[in-house]
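**Q** Here you go, target.cif (mmCIF, C-alpha atoms):
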```
data_query
loop_
_atom_site.label_atom_id
_atom_site.label_comp_id
_atom_site.auth_asym_id
_atom_site.auth_seq_id
_atom_site.Cartn_x
_atom_site.Cartn_y
_atom_site.Cartn_z
CA MET H 1 -5.36 -22.29 40.91
CA HIS H 2 -9.00 -22.59 39.85
CA PHE H 3 -9.27 -18.81 39.49
CA HIS H 4 -6.21 -18.65 37.22
CA ALA H 5 -7.49 -21.51 35.07
CA ARG H 6 -10.83 -19.75 34.56
CA ALA H 7 -9.10 -16.44 33.83
CA ALA H 8 -6.94 -18.10 31.20
CA GLY H 9 -10.06 -19.58 29.63
CA LEU H 10 -11.78 -16.21 29.51
CA THR H 11 -8.74 -14.63 27.91
CA ALA H 12 -8.71 -17.28 25.21
CA LEU H 13 -12.43 -16.82 24.55
CA PHE H 14 -11.98 -13.07 24.40
CA ALA H 15 -9.14 -13.43 21.90
CA LEU H 16 -11.36 -15.66 19.74
CA ALA H 17 -14.14 -13.08 19.92
CA VAL H 18 -11.76 -10.40 18.70
CA VAL H 19 -10.82 -12.52 15.70
CA LEU H 20 -14.42 -13.36 14.85
CA THR H 21 -15.76 -9.82 15.11
CA TRP H 22 -12.79 -7.83 13.81
CA GLU H 23 -13.61 -7.86 10.11
CA VAL H 24 -17.28 -7.00 10.51
CA ALA H 25 -17.08 -4.47 13.33
CA PRO H 26 -17.19 -0.69 12.73
CA GLN H 27 -13.84 1.03 13.19
CA ASN H 28 -14.66 2.55 16.58
CA THR H 29 -15.64 -0.92 17.81
CA ARG H 30 -12.43 -2.32 16.38
CA ASN H 31 -10.46 0.28 18.31
CA ILE H 32 -12.21 -0.69 21.55
CA LEU H 33 -11.44 -4.35 20.91
CA GLU H 34 -7.86 -3.42 20.09
CA ASP H 35 -7.42 -1.38 23.27
CA THR H 36 -8.89 -4.15 25.38
CA ALA H 37 -6.68 -6.79 23.77
CA TYR H 38 -3.65 -4.58 24.38
CA ARG H 39 -4.50 -4.25 28.07
CA PHE H 40 -4.54 -8.05 28.30
CA ASP H 41 -1.21 -8.35 26.46
CA PRO H 42 0.76 -5.06 26.58
CA THR H 43 3.82 -6.15 24.62
CA ALA H 44 6.02 -4.19 22.24
CA ALA H 45 5.26 -6.67 19.48
CA ARG H 46 1.50 -6.17 19.84
CA ALA H 47 1.83 -2.38 20.05
CA PHE H 48 4.01 -2.32 16.92
CA ALA H 49 1.58 -4.58 15.05
CA TYR H 50 -1.31 -2.25 15.90
CA GLY H 51 0.75 0.74 14.82
CA GLU H 52 1.42 -0.94 11.48
CA ARG H 53 -2.28 -1.71 11.05
CA HIS H 54 -3.19 1.95 11.39
CA PHE H 55 -0.30 3.16 9.23
CA ASN H 56 -1.28 1.16 6.17
CA ALA H 57 -2.68 3.16 3.25
CA LYS H 58 -4.39 0.03 1.90
CA ASN H 59 -6.40 -0.20 5.13
CA ARG H 60 -8.87 2.55 4.23
CA SER H 61 -11.19 2.13 7.19
CA GLY H 62 -8.46 1.61 9.77
CA TYR H 63 -5.89 4.19 8.67
CA ASP H 64 -5.27 6.55 11.58
CA ILE H 65 -1.89 8.24 11.82
CA GLU H 66 -2.46 9.48 15.38
CA ARG H 67 -3.41 6.03 16.60
CA ALA H 68 -0.44 4.54 14.76
CA GLU H 69 1.91 7.00 16.46
CA TYR H 70 0.31 6.23 19.83
CA PHE H 71 1.02 2.50 19.51
CA PHE H 72 4.52 2.98 18.10
CA ASN H 73 5.32 5.13 21.14
CA LYS H 74 3.89 2.42 23.39
CA ALA H 75 6.26 -0.05 21.74
CA ALA H 76 9.14 2.37 22.30
CA ASP H 77 8.29 2.60 25.99
CA ILE H 78 8.38 -1.19 26.34
CA ASP H 79 11.25 -2.11 24.01
CA PRO H 80 13.11 0.73 22.26
CA THR H 81 15.09 -1.82 20.23
CA THR H 82 11.99 -3.04 18.34
CA PRO H 83 13.05 -3.35 14.67
CA TYR H 84 11.88 -0.54 12.37
CA LEU H 85 10.25 1.32 15.26
CA TYR H 86 12.04 4.64 14.75
CA HIS H 87 11.76 4.18 11.01
CA GLU H 88 7.98 4.27 11.28
CA LEU H 89 7.95 7.13 13.78
CA ALA H 90 10.24 9.09 11.45
CA ARG H 91 7.82 8.54 8.56
CA ILE H 92 4.96 9.86 10.67
CA ALA H 93 6.94 12.92 11.75
CA PHE H 94 7.80 13.54 8.10
CA LEU H 95 4.16 13.33 7.03
CA LYS H 96 3.32 15.85 9.75
CA GLY H 97 5.98 18.22 8.35
CA ASP H 98 8.20 17.93 11.43
CA PHE H 99 11.44 17.35 9.54
CA GLU H 100 13.71 18.00 12.53
CA THR H 101 12.10 15.26 14.62
CA ALA H 102 11.96 12.99 11.60
CA MET H 103 15.71 13.39 11.09
CA VAL H 104 16.52 12.58 14.71
CA LEU H 105 14.33 9.49 14.59
CA ILE H 106 15.67 8.15 11.29
CA ASP H 107 19.25 8.74 12.42
CA SER H 108 18.44 6.66 15.52
CA GLN H 109 17.05 3.90 13.32
CA ILE H 110 20.13 3.86 11.10
CA GLU H 111 22.40 3.81 14.15
CA LEU H 112 20.50 0.80 15.51
CA MET H 113 20.21 -1.29 12.33
CA GLY H 114 22.44 0.26 9.65
CA ASP H 115 22.45 -1.68 6.38
CA ALA H 116 20.14 -4.31 7.88
CA ALA H 117 17.39 -1.75 7.25
CA PRO H 118 18.30 -0.08 3.94
CA ASN H 119 14.82 1.42 3.60
CA SER H 120 15.79 3.85 6.34
CA TYR H 121 18.35 5.43 4.01
CA TYR H 122 15.52 6.02 1.54
CA VAL H 123 13.47 7.74 4.22
CA ARG H 124 16.45 9.84 5.29
CA GLY H 125 17.01 10.84 1.67
CA LEU H 126 13.42 12.00 1.47
CA ILE H 127 13.70 14.00 4.70
CA ARG H 128 16.97 15.58 3.60
CA GLY H 129 15.46 16.42 0.24
CA TYR H 130 12.61 18.32 1.87
CA ARG H 131 15.13 20.06 4.12
CA GLY H 132 17.00 21.27 1.05
CA GLU H 133 20.05 19.09 1.75
CA TYR H 134 20.19 17.79 -1.81
CA ALA H 135 23.76 16.51 -1.93
CA ASN H 136 23.36 14.43 1.23
CA ALA H 137 19.94 13.27 0.10
CA ALA H 138 21.47 12.02 -3.15
CA LYS H 139 24.05 10.04 -1.17
CA ASP H 140 21.32 8.37 0.88
CA TYR H 141 19.41 7.38 -2.26
CA GLU H 142 22.60 6.05 -3.85
CA HIS H 143 23.20 3.94 -0.76
CA PHE H 144 19.65 2.57 -0.79
CA LEU H 145 19.81 1.82 -4.52
CA GLN H 146 22.84 -0.41 -3.93
CA PHE H 147 20.42 -2.77 -2.18
CA HIS H 148 17.36 -2.19 -4.38
CA PRO H 149 18.59 -0.97 -7.78
CA ALA H 150 15.22 -1.57 -9.49
CA ASN H 151 13.08 0.39 -7.04
CA TRP H 152 11.43 2.90 -9.38
CA ALA H 153 10.22 5.22 -6.61
CA ALA H 154 13.74 5.56 -5.21
CA ILE H 155 15.13 6.17 -8.69
CA ASN H 156 12.54 8.88 -9.24
CA ASP H 157 13.20 10.57 -5.90
CA TYR H 158 16.94 10.32 -6.50
CA ALA H 159 16.48 12.09 -9.83
CA TRP H 160 14.36 14.73 -8.08
CA VAL H 161 17.16 15.68 -5.67
CA LEU H 162 19.69 15.58 -8.51
CA LEU H 163 17.56 18.13 -10.37
CA LYS H 164 17.37 20.25 -7.24
CA ALA H 165 21.16 20.04 -6.94
CA ASP H 166 21.60 21.27 -10.55
CA ARG H 167 22.78 17.85 -11.68
CA ALA H 168 20.27 17.51 -14.51
CA GLN H 169 22.28 15.19 -16.76
CA GLU H 170 22.64 12.72 -13.90
CA ALA H 171 18.87 12.95 -13.41
CA VAL H 172 18.39 12.16 -17.11
CA ASP H 173 20.65 9.12 -16.77
CA ALA H 174 18.93 7.89 -13.59
CA THR H 175 15.41 8.17 -14.99
CA LEU H 176 16.42 6.50 -18.26
CA ARG H 177 17.70 3.54 -16.24
CA GLY H 178 14.39 3.41 -14.42
CA LEU H 179 12.38 3.67 -17.62
CA GLY H 180 14.33 0.75 -19.01
CA ALA H 181 12.49 -1.42 -16.50
CA PHE H 182 9.31 0.66 -16.12
CA PRO H 183 8.68 2.32 -19.52
CA ASP H 184 5.11 3.36 -18.74
CA ASN H 185 5.72 4.81 -15.28
CA ALA H 186 4.07 8.25 -15.03
CA TRP H 187 6.40 9.51 -12.31
CA LEU H 188 9.60 8.51 -14.09
CA LEU H 189 8.35 9.89 -17.42
CA SER H 190 7.53 13.25 -15.83
CA THR H 191 10.89 13.53 -14.08
CA ASN H 192 12.74 12.42 -17.20
CA ALA H 193 10.89 15.10 -19.21
CA ALA H 194 11.88 17.75 -16.67
CA ALA H 195 15.51 16.60 -16.70
CA LEU H 196 15.67 16.54 -20.50
CA TYR H 197 14.21 20.04 -20.58
CA GLU H 198 16.86 21.26 -18.13
CA VAL H 199 19.71 19.96 -20.29
CA GLY H 200 18.23 21.59 -23.40
CA HIS H 201 16.75 18.54 -25.16
CA THR H 202 13.38 20.23 -25.53
CA LYS H 203 11.91 18.06 -28.29
CA ASP H 204 12.76 14.85 -26.44
CA ALA H 205 11.41 16.42 -23.26
CA LEU H 206 8.09 17.17 -24.94
CA SER H 207 7.81 13.61 -26.20
CA GLN H 208 8.37 12.27 -22.69
CA ALA H 209 6.02 14.86 -21.17
CA ARG H 210 3.23 13.76 -23.52
CA ALA H 211 3.90 10.14 -22.62
CA ALA H 212 3.74 11.13 -18.93
CA VAL H 213 0.32 12.73 -19.42
CA ALA H 214 -0.96 9.56 -21.08
CA ALA H 215 0.54 7.34 -18.38
CA ALA H 216 -0.82 9.52 -15.58
CA GLY H 217 -4.28 9.13 -17.07
CA ARG H 218 -3.99 5.39 -16.44
CA VAL H 219 -2.85 5.71 -12.80
CA SER H 220 -5.53 4.42 -10.42
CA GLU H 221 -6.11 5.32 -6.79
CA ASN H 222 -4.67 1.92 -5.87
CA ASP H 223 -1.54 2.69 -7.89
CA TRP H 224 -1.20 5.98 -6.06
CA LEU H 225 -1.57 4.31 -2.66
CA THR H 226 1.11 1.79 -3.64
CA ALA H 227 3.43 4.67 -4.51
CA TYR H 228 2.64 6.52 -1.26
CA PRO H 229 2.04 3.74 1.30
CA GLY H 230 2.07 5.98 4.38
CA ASN H 231 -0.38 8.59 3.12
CA ASP H 232 -4.01 8.88 4.11
CA PRO H 233 -6.05 6.73 1.68
CA GLN H 234 -8.82 9.34 1.85
CA ILE H 235 -6.69 11.70 -0.26
CA ALA H 236 -5.85 9.15 -2.96
CA LYS H 237 -8.32 10.66 -5.42
CA GLU H 238 -6.80 14.12 -4.87
CA GLY H 239 -3.31 12.64 -5.23
CA VAL H 240 -4.13 11.10 -8.61
CA ALA H 241 -5.68 14.39 -9.75
CA ALA H 242 -2.56 16.30 -8.63
CA LEU H 243 -0.29 13.86 -10.50
CA ARG H 244 -2.28 14.32 -13.70
CA ALA H 245 -2.40 18.11 -13.31
CA ALA H 246 1.37 18.28 -12.77
CA ALA H 247 2.00 16.15 -15.87
CA ARG H 248 -0.23 18.40 -17.98
CA SER H 249 1.42 21.53 -16.57
CA ASN H 250 4.89 20.21 -17.40
CA MET H 251 3.78 19.35 -20.91
CA HIS H 252 2.30 22.82 -21.52
CA THR H 253 5.45 24.52 -20.17
CA ILE H 254 7.65 22.52 -22.52
CA GLU H 255 5.27 23.12 -25.44
CA LEU H 256 5.45 26.87 -24.87
CA ALA H 257 9.24 26.78 -24.61
CA LEU H 258 9.52 24.81 -27.84
CA ALA H 259 7.11 27.13 -29.65
CA SER H 260 9.05 30.15 -28.44
CA SER H 261 12.38 28.76 -29.61
CA THR H 262 10.87 27.91 -33.02
CA VAL H 263 9.53 31.44 -33.48
CA GLN H 264 12.90 32.92 -32.59
#
```
In structure tokens, what does this structure look like?
**A**
Amino acid sequence: MHFHARAAGLTALFALAVVLTWEVAPQNTRNILEDTAYRFDPTAARAFAYGERHFNAKNRSGYDIERAEYFFNKAADIDPTTPYLYHELARIAFLKGDFETAMVLIDSQIELMGDAAPNSYYVRGLIRGYRGEYANAAKDYEHFLQFHPANWAAINDYAWVLLKADRAQEAVDATLRGLGAFPDNAWLLSTNAAALYEVGHTKDALSQARAAVAAAGRVSENDWLTAYPGNDPQIAKEGVAALRAAARSNMHTIELALASSTVQ
């Protein structure tokens, strides 16, 4: 009895030490503290929480996709019904370019939670889009947007697969709805410009493309990380640069097309 009482006291003191040192410790020290705490309390909830900590783009020092996957798999071993578990594993598989595994995982998540986890339809739409399954991807985005009609990122990705499916006018309509709520959104402006160009409204497309270039110039690294929450924060600067370069490229393409049509 005395031994157990002392052990409980030591565990409590250790837990307090983890809290006190966590914010100031270097990341490798934090990982050691994390591993030790997990050995004391190896629960699915703790494993999932650690996985979330390392899969957070806003956590620049702690972001570690391999460590996140490790803890999510630990949670799966303990309790495979943990909410959003396969959703997160699917996102990691997607980021690694393993679309087949990502699809299996997200299908498992949807089977487990269905409409209780509508974000999983968004993720499946993204996976299907990258697999070239544009019609099915569009259906997944449509389903998600029933729950979150004002989610600009989903609207933009929905328009992307519509463009890929040769449904440009629908992409115009979708992005215009999004721009009604987010008129200065660089992503929506760029996609709207591309859609307008595809349906032959070149002058309007150029106007939107120029607005997209201006809006992209105001996008910060934090904005980019908000738009891509699962991506490595170390590449945020490159991501912003790529967004701006794509907007400029679209604008120049449309400018050339308009100049050519004027000459003719």
**Q** Interatomic distance between atom CA of H:Gln109 and atom CA of H:Phe144?
**A**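 Those two atoms sit 14.4 Å apart.
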**Q** For this structure, which residues satisfy the selection - the PyMOL selection byres ((chain H and resi 63) around 12) - when it is evaluated on the file as given? I want them as a JSON list (two decimals) with C-alpha atoms, keeping the file's coordinate frame.
**A**
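Everything below was put into selection-v4.json:
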```json
[["chain", "number", "residue", "atom", "x", "y", "z"],
["H", 27, "GLN", "CA", -13.84, 1.03, 13.19],
["H", 28, "ASN", "CA", -14.66, 2.55, 16.58],
["H", 31, "ASN", "CA", -10.46, 0.28, 18.31],
["H", 50, "TYR", "CA", -1.31, -2.25, 15.90],
["H", 51, "GLY", "CA", 0.75, 0.74, 14.82],
["H", 52, "GLU", "CA", 1.42, -0.94, 11.48],
["H", 53, "ARG", "CA", -2.28, -1.71, 11.05],
["H", 54, "HIS", "CA", -3.19, 1.95, 11.39],
["H", 55, "PHE", "CA", -0.30, 3.16, 9.23],
["H", 56, "ASN", "CA", -1.28, 1.16, 6.17],
["H", 57, "ALA", "CA", -2.68, 3.16, 3.25],
["H", 58, "LYS", "CA", -4.39, 0.03, 1.90],
["H", 59, "ASN", "CA", -6.40, -0.20, 5.13],
["H", 60, "ARG", "CA", -8.87, 2.55, 4.23],
["H", 61, "SER", "CA", -11.19, 2.13, 7.19],
["H", 62, "GLY", "CA", -8.46, 1.61, 9.77],
["H", 64, "ASP", "CA", -5.27, 6.55, 11.58],
["H", 65, "ILE", "CA", -1.89, 8.24, 11.82],
["H", 66, "GLU", "CA", -2.46, 9.48, 15.38],
["H", 67, "ARG", "CA", -3.41, 6.03, 16.60],
["H", 68, "ALA", "CA", -0.44, 4.54, 14.76],
["H", 69, "GLU", "CA", 1.91, 7.00, 16.46],
["H", 229, "PRO", "CA", 2.04, 3.74, 1.30],
["H", 230, "GLY", "CA", 2.07, 5.98, 4.38],
["H", 231, "ASN", "CA", -0.38, 8.59, 3.12],
["H", 232, "ASP", "CA", -4.01, 8.88, 4.11],
["H", 233, "PRO", "CA", -6.05, 6.73, 1.68],
["H", 234, "GLN", "CA", -8.82, 9.34, 1.85],
["H", 235, "ILE", "CA", -6.69, 11.70, -0.26]]
```
**Q** Quick one: residues within 7 Å of stretch 126-133 of chain H, all atoms listed in the file counted, chain neighbours fewer than 2 positions away excluded, as a list in words?
**A**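 Those residues are Phe94, Phe99, Met103, Tyr122, Val123, Arg124, Ala135, Asn136, Ala137 and Val161 of chain H.
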**Q** Any chance you could work out the residue set of the PyMOL selection byres ((chain H and resi 158) around 12) here, as an MDAnalysis selection string?
**A** chainID H and resid 121:126 128:129 134:145 149 151:157 159:165 167:168 170:175 177:178 188 191:192
**Q** Kindly extract all protein, DNA and RNA residues lying within 10 Å of the coordinates (1.7, 15.0, -10.6) given in the file, considering all atoms listed in the file, and supply them as an mmCIF file with C-alpha atoms, keeping the file's coordinate frame.
**A**
```
data_model
loop_
_atom_site.group_PDB
_atom_site.id
_atom_site.type_symbol
_atom_site.label_atom_id
_atom_site.label_comp_id
_atom_site.auth_asym_id
_atom_site.auth_seq_id
_atom_site.Cartn_x
_atom_site.Cartn_y
_atom_site.Cartn_z
ATOM 1 C CA ALA H 186 4.070 8.250 -15.030
ATOM 2 C CA TRP H 187 6.400 9.510 -12.310
ATOM 3 C CA SER H 190 7.530 13.250 -15.830
ATOM 4 C CA THR H 191 10.890 13.530 -14.080
ATOM 5 C CA ALA H 212 3.740 11.130 -18.930
ATOM 6 C CA VAL H 213 0.320 12.730 -19.420
ATOM 7 C CA ALA H 216 -0.820 9.520 -15.580
ATOM 8 C CA GLY H 239 -3.310 12.640 -5.230
ATOM 9 C CA VAL H 240 -4.130 11.100 -8.610
ATOM 10 C CA ALA H 241 -5.680 14.390 -9.750
ATOM 11 C CA ALA H 242 -2.560 16.300 -8.630
ATOM 12 C CA LEU H 243 -0.290 13.860 -10.500
ATOM 13 C CA ARG H 244 -2.280 14.320 -13.700
ATOM 14 C CA ALA H 245 -2.400 18.110 -13.310
ATOM 15 C CA ALA H 246 1.370 18.280 -12.770
ATOM 16 C CA ALA H 247 2.000 16.150 -15.870
ATOM 17 C CA ARG H 248 -0.230 18.400 -17.980
ATOM 18 C CA SER H 249 1.420 21.530 -16.570
ATOM 19 C CA ASN H 250 4.890 20.210 -17.400
#
```
**Q** Please compute the atom CA of H:Ala75-atom CA of H:Glu88 distance, one decimal, in Å.
**A**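 Straight-line distance from atom CA of H:Ala75 to atom CA of H:Glu88 works out to 11.4 Å.
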**Q** Within 9 Å of H:Ala44, counting all atoms listed in the file, which residues show up once you throw out same-chain ones fewer than 6 positions away? Write them as a short mmCIF file (atom, residue, chain, number, x, y, z; two decimals) with C-alpha atoms, in the frame of the given file, please.
**A**
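Final file, result_20.cif:
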```cif
data_model
loop_
_atom_site.label_atom_id
_atom_site.label_comp_id
_atom_site.auth_asym_id
_atom_site.auth_seq_id
_atom_site.Cartn_x
_atom_site.Cartn_y
_atom_site.Cartn_z
CA PHE H 71 1.02 2.50 19.51
CA PHE H 72 4.52 2.98 18.10
CA LYS H 74 3.89 2.42 23.39
CA ALA H 75 6.26 -0.05 21.74
CA ALA H 76 9.14 2.37 22.30
CA ASP H 77 8.29 2.60 25.99
CA ILE H 78 8.38 -1.19 26.34
CA ASP H 79 11.25 -2.11 24.01
CA PRO H 80 13.11 0.73 22.26
CA THR H 82 11.99 -3.04 18.34
#
```
**Q** Pull out every residue that the PyMOL selection byres ((chain H and resi 106) around 7) matches in the shown coordinates and put them as a list of chain:residue names.
**A**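 Output of the PyMOL selection byres ((chain H and resi 106) around 7): H:Tyr86, H:His87, H:Ala90, H:Ala102, H:Met103, H:Val104, H:Leu105, H:Asp107, H:Ser108, H:Gln109, H:Ile110, H:Ser120, H:Arg124.
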**Q** Between atom CA of H:Gln146 and atom CA of H:Tyr197, what is the spacing in Å?
**A**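 These atoms are spaced 27.7 Å apart.
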**Q** List as a PyMOL selection string the residues having at least one atom at most 12 Å from position (11.9, 15.5, -24.9) as given in the file, counting only C-alpha atoms.
**A** chain H and resi 172+189-212+250-251+254-255+257-258
